[in-house]
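K.L.:
Quick one: the structure is below, questions incoming.
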Amino acid sequence: MKEWLERVKVSLGLAEKAIDSAGDIPRENMYMLAPHFYSQLNHMNNAALLDEMSRVNQAR
């Protein structure tokens, strides 16, 4: 669990950096980027899983 939390923290940090550097992405959209960075950190190349993660985030 601790390892997962660390990966999530890093993913959110990467999403925050991407938003800060882009300048035109609203901060409230960070949740849409975090799953992408999480999948990169975990070397997951599963488009269906990434789509599902994004869909669930958008529903909230």
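Please note that chains go A, B, ... in the order of the structure tokens, that every chain numbers its residues from 1, and that ligands are numbered from 1 in the order shown.
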Where does DSSP see helix (DSSP H, G or I) in segment 24-54 of chain A, if you list the residues as a ChimeraX atom specification?
P.N.:
/A:27-41,47-54
K.L.:
So which residues touch Trp4 of chain A within 12 Å, counting only C-alpha atoms, skipping near sequence neighbours fewer than 5 positions away, as a list in words?
P.N.:
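Everything that qualifies: Lys9, Val10, Ser11, Tyr38, Leu41 and Asn42 of chain A.
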K.L.:
Could you tell me how far atom CA of Asn45 of chain A sits from atom CA of Gln58 of chain A, in Å to one decimal place?
P.N.:
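For atom CA of Gln58 of chain A relative to atom CA of Asn45 of chain A, the distance reads 20.7 Å.
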K.L.:
What is the distance, in Å and to one decimal place, between atom CA of Arg55 of chain A and atom CA of Met30 of chain A?
P.N.:
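Value for the atom CA of Arg55 of chain A-atom CA of Met30 of chain A distance: 13.9 Å.
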K.L.:
Report, in Å to a single decimal, how far apart atom CA of Glu52 of chain A and atom CA of Ile25 of chain A are.
P.N.:
21.7 Å
K.L.:
So that I can see what lies close to segment 31-33 of chain A, please list as a list in words the residues with an atom at most 7 Å from it, counting only C-alpha atoms and leaving out residues fewer than 4 positions away in the same chain.
P.N.:
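Here the qualifying residues turn out to be Ala15, Phe37, Ser54 and Asn57 of chain A.
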K.L.:
Could you write those residues out with C-alpha atoms, as a compact mmCIF listing (two decimals), in the first residue's frame?
P.N.:
# COMPACT_ATOMS: atom_id res chain seq x y z
CA ALA A 15 0.47 16.03 -13.57
CA PHE A 37 1.45 9.47 -15.64
CA SER A 54 -10.21 8.28 -17.03
CA ASN A 57 -12.47 9.99 -12.78
K.L.:
Report as a CSV table (one decimal) with C-alpha atoms, in the first residue's frame all protein, DNA and RNA residues lying within 10 Å of Ala47 of chain A, evaluated on only C-alpha atoms, omitting residues in the same chain fewer than 6 positions from it.
P.N.:
chain,number,residue,atom,x,y,z
A,36,HIS,CA,-1.6,8.8,-17.8
A,39,SER,CA,0.5,4.2,-16.2
A,53,MET,CA,-9.5,5.1,-15.2
K.L.:
Between A:Val56, A:Met44, A:Leu49, A:Ala34, which is the closest to Leu12 of chain A once you count only C-alpha atoms?
P.N.:
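Smallest separation from Leu12 of chain A among the options: A:Ala34.
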